[in-house]
There are 2 protein chains.
Amino acid sequence: MNATPQRILIIGGVAGGASAAARARRHSESAHIILLERGPDVSFANCGLPYHIGGDIPDRAELAVQTPASLRAMLNLDVRTLTEATSIDRTNKQVHVRSLSDGTTSSIAYDKLILAPGASPLRPPLPGIELPQVLTLRNLQDMDRIKTAAANASHVSIIGAGFIGLEMAEQLHAIGKQVSIIELQKQVLPQLDHEMVRPLETSLRERGIELILGDGIDGFSSQSSGIGVQLKSGRTLATELVILSIGVRPESGLARDAGLTLGPRGHIVVDAWQRTSDPDIYAAGDACETEDPILGKRTAIPLGGPANRQGRTAADHIFLGDRALRYPGSIGTAIVRVFEQAAGIVGYSETRLKAESIPYQTITVNGSSHASYYPGSETITLKLLWSPDDGRVLGAQACGKGGVDKRLDVIATAIRGRLTIDDLAHLELAYAPPFGSAKDVINVAGFAAGNLRDGLLVPVASLADAGAQVVDVRPAATAAKKPVPGARNIPLAELRSRLNELDRTQPVFTICQMGKTSYFAARILANHGFDARSILGGAHHQL
Amino acid sequence: MNATPQRILIIGGVAGGASAAARARRHSESAHIILLERGPDVSFANCGLPYHIGGDIPDRAELAVQTPASLRAMLNLDVRTLTEATSIDRTNKQVHVRSLSDGTTSSIAYDKLILAPGASPLRPPLPGIELPQVLTLRNLQDMDRIKTAAANASHVSIIGAGFIGLEMAEQLHAIGKQVSIIELQKQVLPQLDHEMVRPLETSLRERGIELILGDGIDGFSSQSSGIGVQLKSGRTLATELVILSIGVRPESGLARDAGLTLGPRGHIVVDAWQRTSDPDIYAAGDACETEDPILGKRTAIPLGGPANRQGRTAADHIFLGDRALRYPGSIGTAIVRVFEQAAGIVGYSETRLKAESIPYQTITVNGSSHASYYPGSETITLKLLWSPDDGRVLGAQACGKGGVDKRLDVIATAIRGRLTIDDLAHLELAYAPPFGSAKDVINVAGFAAGNLRDGLLVPVASLADAGAQVVDVRPAATAAKKPVPGARNIPLAELRSRLNELDRTQPVFTICQMGKTSYFAARILANHGFDARSILGGAHHQL
């Protein structure tokens, strides 16, 4: 199969493109592999950019994972940076290009073409958007610009509280900047359900970061001391530097102009081997659509992991044909650190399931990052969503100060295996006191989900949804320290002897610290004939 | 179903027994639940015992997760400590018991009986085994004895280098003891394959802990200054305290005497609902057998996680009958921390697959605990074993200084989902620089496994298995710093231009630092017509 030399042209030299080039070279020493890149850099660590700005990664060179020279030396690639593809001539199988250094144009022939142009940060056509203080972060040059601008700014405004926006907020705070975050949704990290990101919001506010939620941008204006951000609410925010992180747009113009099929949101449509509607043209990374393996829909996940593996898949198919391993789609596993907290998601959120009218059940539990009796254990809050039909896991979210990534990875793997809540109940996870618990929070979530299905647990998602008769079953001292508004305190140990204090004609809503004892209490009450419901996640999650 | 009050008798008040009792109470307020415990304590954190001895958990009370009083208060249990079950009268459904405090005997009737007696540390009938300095660790009293004895000892000998033995070694070293470890196998942690525990052995030796491997015990003798350990090799080791941690024996005597079916190694045979051969008697925890869901065999895994969940299963079946969730068997996920290193296993080791003549393929790769360009990243070595028939994962082992537990948990979940090496290649794990990599070591293991199957990677497990022509493809400076014995250095970047230095009539064995560049080099050579093979895990793993 490697006998025939091939001419492989790859447009885009970062995650998907670089992975495709490297994998293609493993298949063939004789192929002529051309890597076109519009910018000056190839294969840099784009997910690391915020951390150089904030100083976590002091050495800029650490982010240049590869250079054109290293790719030439190691992979014998024909790397052409500062070169822009201007159009694809599918009939003659060539790409027209223009040098961004000297403006000359030329054509490059291909046997197989791989499009990995990525996605560009959204810059909506707002008044003042062209002001020099309004920056976005995509590449090393953007990073340098932000770093320089931040050095002379005392206040920075971040528009968009998604993953990159929060990373930037953390890092800019770390170098002593005053930071405001403006987000159109009424919460940070709108990919997650609101109640799951409250700890992040608290953590941001505690550090003096201003959160302007549920507000949009009307435009920007030059001010003597910097730049003004006009908010839809009417307020004008005076700042010195604006970082736009409101999302990305697939760079599919070249594909569209070449007549390749695009999806409803402008992504390049590909099959499971990353082939576009032209069998000699592949696409990988942020510019293309993929399958959502959870519900069999189409999706687009602009993240580094999928991009890398899609590039690899394209290269495999060029050399192996249909024997190549298919790309199985993306489930959108994502995580962010915000100071001492981490939060992340895998699969569907409740908001998304609701919006798409997909039936689901959900539970939220707290657990320990490792054995609670061993030092350093932190509370993890885990929200699980599953299909009521078969118990199959549809998604999960987690937040906490340790072990969040591990639980997300376990659920991501469970979703791949189409595991159910019952499977989670009995996952056999590594347990030694410094690493885990005999019953991991994942097991506990599986238990709770099964209890809900089987009617042992009647949950209430929020304290606000509880009726009048709320019973706080924490020990009296704990309850007194941080009381639950409107609740009567009956510690669990006294509950059986104080049943007569409760009104049997009305539902009883139980609450505790972590959401476990309240379940125990509700079981006692239910087994004594009460209509008892447990408030999920306890005071830890609700207050 | 909860209408009928039941008399549930549970023998054993720790992991499996306590879980069964708690779960039974959730099902019914009216059941009379009796928890018998031979010792004075119930539901203590037995996995935490070494860490109180070493001071990581300074407060002994932290280990007493529950007390008889708290179980009475919270669960309305009839807790009877210091009470030993002496026999089971299955015909009359009662258990004869003896009080260990006053010697009185009595009988307790049951509707359902749950046996959770656990397993006791092995104490082989060696000369001198009865000496007061020869201790084992099972409960809080054992812990107290060891702590007191260790306070007056400067040298401690640990017999058996399994999980508990290594935890004890670490903790005793932490409080300033000289430690010798004696292990019959030629390696520490014989549950893992030898090459995977070399970093632990190095770490132990670097701290001055003596490893006496491949040696057994002939007996113990009293010495003026302490105790002598007679080794099979002829040496007598002078020490002051001996901790026996050579394994456990299921406490199935009561079950055996009652005529319940036992397995070949003396474990109580149970079905998927933890029912013994008597439908009114259940068993849970270390005393019973379970299914090995990987290969459908029978196994016995004396660990806390399985015990807890088996106890829960038994209680569920008592109240729900065959609607109860089945216990799915145990895959033996286990982890240990040894100073800065962690090592663990899930599923089958290579040694075990070989011993049982089960066909397998294996690969070992290195990767980063999180993005290598972000501070604090540590190397993880991951060994993967899978079935050549269908690529299904049969087991994995990991070691390193961070993120080992996460990778074991992902593989444990993958095994539950019967995932293959191709599934691992495309697992979508949480990636942000502080938490993961765009291509996690799990993905890399999946890639490498697929490459091996597809003939792209021809691996050599050990440098010792390589032929004469070994090429070190690391940069010259790296290769000079820690040379690979017998290797010629041709850095990867120069390989294509120096092919004529190699003998085409003989295989070429490539090696690098981490086992990745050597694969790249082998691909170059193979595509140029060489018989090229890559040495797994690189100098990091081999030297």
# chains A, B, ... in the order shown; residues from 1 in each chain; ligands from 1

call {"tool": "residues_around", "arguments": {"residues": "Ile182 (chain A)", "least_positions_apart": "3", "cutoff": "12 Å", "atoms": "only C-alpha atoms", "output": "ChimeraX atom specification"}}
result
/A:156-162,165-166,169,179,185-189,209-218,229-233,235-237,242-246

call {"tool": "write_last_selection", "arguments": {"atoms": "C-alpha atoms", "output": "PDB file, in the first residue's frame"}}
result
ATOM      1  CA  VAL A 156      -9.308  43.898  31.774  1.00  0.00           C
ATOM      2  CA  SER A 157     -12.774  42.934  30.582  1.00  0.00           C
ATOM      3  CA  ILE A 158     -13.446  39.451  29.338  1.00  0.00           C
ATOM      4  CA  ILE A 159     -16.486  38.988  27.188  1.00  0.00           C
ATOM      5  CA  GLY A 160     -17.777  35.460  27.304  1.00  0.00           C
ATOM      6  CA  ALA A 161     -17.513  33.232  30.382  1.00  0.00           C
ATOM      7  CA  GLY A 162     -16.859  29.952  28.613  1.00  0.00           C
ATOM      8  CA  GLY A 165     -12.862  33.213  29.195  1.00  0.00           C
ATOM      9  CA  LEU A 166     -12.556  31.670  32.654  1.00  0.00           C
ATOM     10  CA  ALA A 169      -9.836  35.533  34.012  1.00  0.00           C
ATOM     11  CA  VAL A 179     -10.995  41.623  35.892  1.00  0.00           C
ATOM     12  CA  GLN A 185     -26.194  33.990  29.891  1.00  0.00           C
ATOM     13  CA  LYS A 186     -27.117  34.341  33.545  1.00  0.00           C
ATOM     14  CA  GLN A 187     -24.230  32.128  34.620  1.00  0.00           C
ATOM     15  CA  VAL A 188     -20.597  31.474  33.919  1.00  0.00           C
ATOM     16  CA  LEU A 189     -19.734  28.387  31.838  1.00  0.00           C
ATOM     17  CA  ILE A 209     -13.519  39.425  39.884  1.00  0.00           C
ATOM     18  CA  GLU A 210     -16.658  41.199  38.755  1.00  0.00           C
ATOM     19  CA  LEU A 211     -19.283  38.971  37.143  1.00  0.00           C
ATOM     20  CA  ILE A 212     -21.719  40.784  34.869  1.00  0.00           C
ATOM     21  CA  LEU A 213     -24.151  38.021  33.989  1.00  0.00           C
ATOM     22  CA  GLY A 214     -27.183  38.096  31.737  1.00  0.00           C
ATOM     23  CA  ASP A 215     -25.908  41.149  29.945  1.00  0.00           C
ATOM     24  CA  GLY A 216     -24.789  41.670  26.366  1.00  0.00           C
ATOM     25  CA  ILE A 217     -22.596  44.081  24.450  1.00  0.00           C
ATOM     26  CA  ASP A 218     -23.872  46.959  22.336  1.00  0.00           C
ATOM     27  CA  VAL A 229     -17.784  48.665  26.891  1.00  0.00           C
ATOM     28  CA  GLN A 230     -21.432  49.548  26.278  1.00  0.00           C
ATOM     29  CA  LEU A 231     -23.600  46.924  27.900  1.00  0.00           C
ATOM     30  CA  LYS A 232     -27.133  46.168  26.776  1.00  0.00           C
ATOM     31  CA  SER A 233     -28.274  46.976  30.283  1.00  0.00           C
ATOM     32  CA  ARG A 235     -24.111  50.558  31.752  1.00  0.00           C
ATOM     33  CA  THR A 236     -20.786  51.598  30.265  1.00  0.00           C
ATOM     34  CA  LEU A 237     -17.877  49.664  31.669  1.00  0.00           C
ATOM     35  CA  VAL A 242     -11.133  43.692  26.123  1.00  0.00           C
ATOM     36  CA  ILE A 243     -10.748  39.996  25.435  1.00  0.00           C
ATOM     37  CA  LEU A 244     -13.485  38.540  23.302  1.00  0.00           C
ATOM     38  CA  SER A 245     -14.095  34.866  24.040  1.00  0.00           C
ATOM     39  CA  ILE A 246     -17.670  34.378  22.952  1.00  0.00           C
TER      40      ILE A 246
END

call {"tool": "select_by_dssp", "arguments": {"residues": "region 276-460 of chain A", "states": "alpha helix (DSSP H)", "output": "number ranges by chain"}}
result
A: 304-320, 350-355, 404-416, 421-425, 441-453

call {"tool": "closest_atom_pairs", "arguments": {"of": "chain B", "to": "chain A", "cutoff": "6 Å", "atoms": "only C-alpha atoms", "output": "JSON lines"}}
result
{"residue": "B:Arg26", "atom": "CA", "partner": "A:Arg523", "partner_atom": "CA", "distance": 5.6}
{"residue": "B:Glu29", "atom": "CA", "partner": "A:Asn527", "partner_atom": "CA", "distance": 5.7}
{"residue": "B:Glu62", "atom": "CA", "partner": "A:Tyr373", "partner_atom": "CA", "distance": 5.6}
{"residue": "B:Ala73", "atom": "CA", "partner": "A:Ala493", "partner_atom": "CA", "distance": 4.9}
{"residue": "B:Met74", "atom": "CA", "partner": "A:Ala493", "partner_atom": "CA", "distance": 4.9}
{"residue": "B:Gly304", "atom": "CA", "partner": "A:Ala438", "partner_atom": "CA", "distance": 5.7}
{"residue": "B:Gly305", "atom": "CA", "partner": "A:Ala438", "partner_atom": "CA", "distance": 4.3}
{"residue": "B:Thr333", "atom": "CA", "partner": "A:Ala430", "partner_atom": "CA", "distance": 5.3}
{"residue": "B:Ala334", "atom": "CA", "partner": "A:Ala430", "partner_atom": "CA", "distance": 5.1}
{"residue": "B:Ile335", "atom": "CA", "partner": "A:Ala430", "partner_atom": "CA", "distance": 5.8}
{"residue": "B:Tyr373", "atom": "CA", "partner": "A:Glu62", "partner_atom": "CA", "distance": 5.6}
{"residue": "B:Lys406", "atom": "CA", "partner": "A:Lys406", "partner_atom": "CA", "distance": 5.1}
{"residue": "B:Asp409", "atom": "CA", "partner": "A:Leu429", "partner_atom": "CA", "distance": 5.1}
{"residue": "B:Val410", "atom": "CA", "partner": "A:Val410", "partner_atom": "CA", "distance": 5.2}
{"residue": "B:Gly417", "atom": "CA", "partner": "A:Gly417", "partner_atom": "CA", "distance": 4.6}
{"residue": "B:Leu429", "atom": "CA", "partner": "A:Asp409", "partner_atom": "CA", "distance": 5.1}
{"residue": "B:Ala430", "atom": "CA", "partner": "A:Ala334", "partner_atom": "CA", "distance": 5.1}
{"residue": "B:Ala438", "atom": "CA", "partner": "A:Gly305", "partner_atom": "CA", "distance": 4.3}
{"residue": "B:Ala493", "atom": "CA", "partner": "A:Met74", "partner_atom": "CA", "distance": 5.0}
{"residue": "B:Arg523", "atom": "CA", "partner": "A:Arg26", "partner_atom": "CA", "distance": 5.6}
{"residue": "B:Asn527", "atom": "CA", "partner": "A:Glu29", "partner_atom": "CA", "distance": 5.8}

call {"tool": "atom_distance", "arguments": {"atom1": "CA of Val248 (chain B)", "atom2": "CA of Tyr360 (chain B)"}}
result
29.2 Å

call {"tool": "closest_residue", "arguments": {"among": "B:Leu320, B:Ala445, B:Ile146, B:Ala343", "to": "Val134 (chain B)", "atoms": "only C-alpha atoms"}}
result
B:Ile146

call {"tool": "residues_around", "arguments": {"residues": "Ser120 (chain A)", "least_positions_apart": "3", "cutoff": "9 Å", "atoms": "only C-alpha atoms", "output": "JSON, numbers by chain"}}
result
{"A": [123, 138, 247, 248, 249, 250, 251]}

call {"tool": "residues_around", "arguments": {"residues": "Glu501 (chain A)", "least_positions_apart": "4", "cutoff": "12 Å", "atoms": "only C-alpha atoms", "output": "tab-separated table (two decimals) with N, CA and C atoms, in the first residue's frame"}}
result
chain	number	residue	atom	x	y	z
A	469	GLN	N	-42.89	22.04	54.63
A	469	GLN	CA	-42.37	21.24	55.74
A	469	GLN	C	-40.96	20.71	55.44
A	471	VAL	N	-37.30	19.61	56.82
A	471	VAL	CA	-36.64	19.14	58.03
A	471	VAL	C	-35.14	19.03	57.77
A	488	ARG	N	-36.96	23.08	60.00
A	488	ARG	CA	-36.96	22.68	61.40
A	488	ARG	C	-35.86	21.64	61.57
A	489	ASN	N	-35.06	21.76	62.60
A	489	ASN	CA	-33.96	20.82	62.81
A	489	ASN	C	-34.40	19.63	63.66
A	490	ILE	N	-34.37	18.46	63.03
A	490	ILE	CA	-34.52	17.21	63.79
A	490	ILE	C	-33.36	16.31	63.38
A	494	GLU	N	-32.50	11.49	66.13
A	494	GLU	CA	-33.71	11.71	66.93
A	494	GLU	C	-34.98	11.53	66.11
A	495	LEU	N	-34.81	11.30	64.82
A	495	LEU	CA	-35.98	11.37	63.94
A	495	LEU	C	-37.05	10.34	64.30
A	496	ARG	N	-36.60	9.10	64.54
A	496	ARG	CA	-37.58	8.04	64.80
A	496	ARG	C	-38.43	8.35	66.04
A	497	SER	N	-37.83	9.03	67.01
A	497	SER	CA	-38.58	9.31	68.25
A	497	SER	C	-39.35	10.63	68.17
A	508	VAL	N	-42.91	15.85	53.47
A	508	VAL	CA	-41.77	16.29	54.28
A	508	VAL	C	-40.56	16.35	53.36

call {"tool": "select_by_dssp", "arguments": {"residues": "region 76-304 of chain B", "states": "strand (DSSP E)", "output": "PyMOL selection string"}}
result
chain B and resi 78-80+83-89+94-99+105-109+112-115+119-121+134-135+155-159+178-183+210-213+217-223+226-231+236-239+241-244+248-250+281-283+290-292+297-299

call {"tool": "residues_around", "arguments": {"residues": "Gly253 (chain A)", "least_positions_apart": "6", "cutoff": "10 Å", "atoms": "only C-alpha atoms", "output": "PDB file with N, CA, C and O atoms, in the first residue's frame"}}
result
ATOM      1  N   THR A  86      -6.021  29.987  -1.154  1.00  0.00           N
ATOM      2  CA  THR A  86      -7.072  30.932  -1.564  1.00  0.00           C
ATOM      3  C   THR A  86      -8.239  30.229  -2.245  1.00  0.00           C
ATOM      4  O   THR A  86      -9.375  30.722  -2.186  1.00  0.00           O
ATOM      5  N   SER A  87      -7.989  29.113  -2.921  1.00  0.00           N
ATOM      6  CA  SER A  87      -9.106  28.352  -3.489  1.00  0.00           C
ATOM      7  C   SER A  87      -8.667  26.932  -3.828  1.00  0.00           C
ATOM      8  O   SER A  87      -7.474  26.639  -3.950  1.00  0.00           O
ATOM      9  N   PRO A 117      -8.356  23.785   8.832  1.00  0.00           N
ATOM     10  CA  PRO A 117      -8.188  25.232   9.006  1.00  0.00           C
ATOM     11  C   PRO A 117      -8.608  25.737  10.382  1.00  0.00           C
ATOM     12  O   PRO A 117      -8.328  26.893  10.716  1.00  0.00           O
ATOM     13  N   GLY A 259     -17.433  24.134  -3.075  1.00  0.00           N
ATOM     14  CA  GLY A 259     -18.647  23.355  -3.281  1.00  0.00           C
ATOM     15  C   GLY A 259     -18.765  22.118  -2.413  1.00  0.00           C
ATOM     16  O   GLY A 259     -19.617  21.258  -2.649  1.00  0.00           O
ATOM     17  N   LEU A 260     -17.951  22.023  -1.367  1.00  0.00           N
ATOM     18  CA  LEU A 260     -18.085  20.882  -0.456  1.00  0.00           C
ATOM     19  C   LEU A 260     -19.328  21.084   0.414  1.00  0.00           C
ATOM     20  O   LEU A 260     -19.719  22.214   0.712  1.00  0.00           O
ATOM     21  N   LEU A 262     -21.619  21.571   3.426  1.00  0.00           N
ATOM     22  CA  LEU A 262     -21.489  22.104   4.788  1.00  0.00           C
ATOM     23  C   LEU A 262     -22.757  21.781   5.582  1.00  0.00           C
ATOM     24  O   LEU A 262     -23.828  21.588   5.005  1.00  0.00           O
ATOM     25  N   GLY A 266     -22.519  25.669   9.216  1.00  0.00           N
ATOM     26  CA  GLY A 266     -21.349  26.042   8.422  1.00  0.00           C
ATOM     27  C   GLY A 266     -20.139  25.149   8.600  1.00  0.00           C
ATOM     28  O   GLY A 266     -19.045  25.487   8.136  1.00  0.00           O
ATOM     29  N   HIS A 267     -20.318  24.013   9.274  1.00  0.00           N
ATOM     30  CA  HIS A 267     -19.192  23.092   9.421  1.00  0.00           C
ATOM     31  C   HIS A 267     -19.102  22.173   8.208  1.00  0.00           C
ATOM     32  O   HIS A 267     -20.108  21.838   7.585  1.00  0.00           O
ATOM     33  N   ILE A 268     -17.890  21.741   7.917  1.00  0.00           N
ATOM     34  CA  ILE A 268     -17.684  20.808   6.812  1.00  0.00           C
ATOM     35  C   ILE A 268     -18.241  19.442   7.217  1.00  0.00           C
ATOM     36  O   ILE A 268     -17.919  18.926   8.295  1.00  0.00           O
ATOM     37  N   ALA A 287     -13.160  22.823  12.153  1.00  0.00           N
ATOM     38  CA  ALA A 287     -13.945  23.261  10.993  1.00  0.00           C
ATOM     39  C   ALA A 287     -15.003  22.256  10.583  1.00  0.00           C
ATOM     40  O   ALA A 287     -15.857  22.564   9.755  1.00  0.00           O
TER      41      ALA A 287
END

call {"tool": "residues_around", "arguments": {"residues": "Thr290 (chain B)", "least_positions_apart": "3", "cutoff": "6 Å", "atoms": "only C-alpha atoms", "output": "list in words"}}
result
Arg298, Thr299, Ala300 and Gly329 of chain B
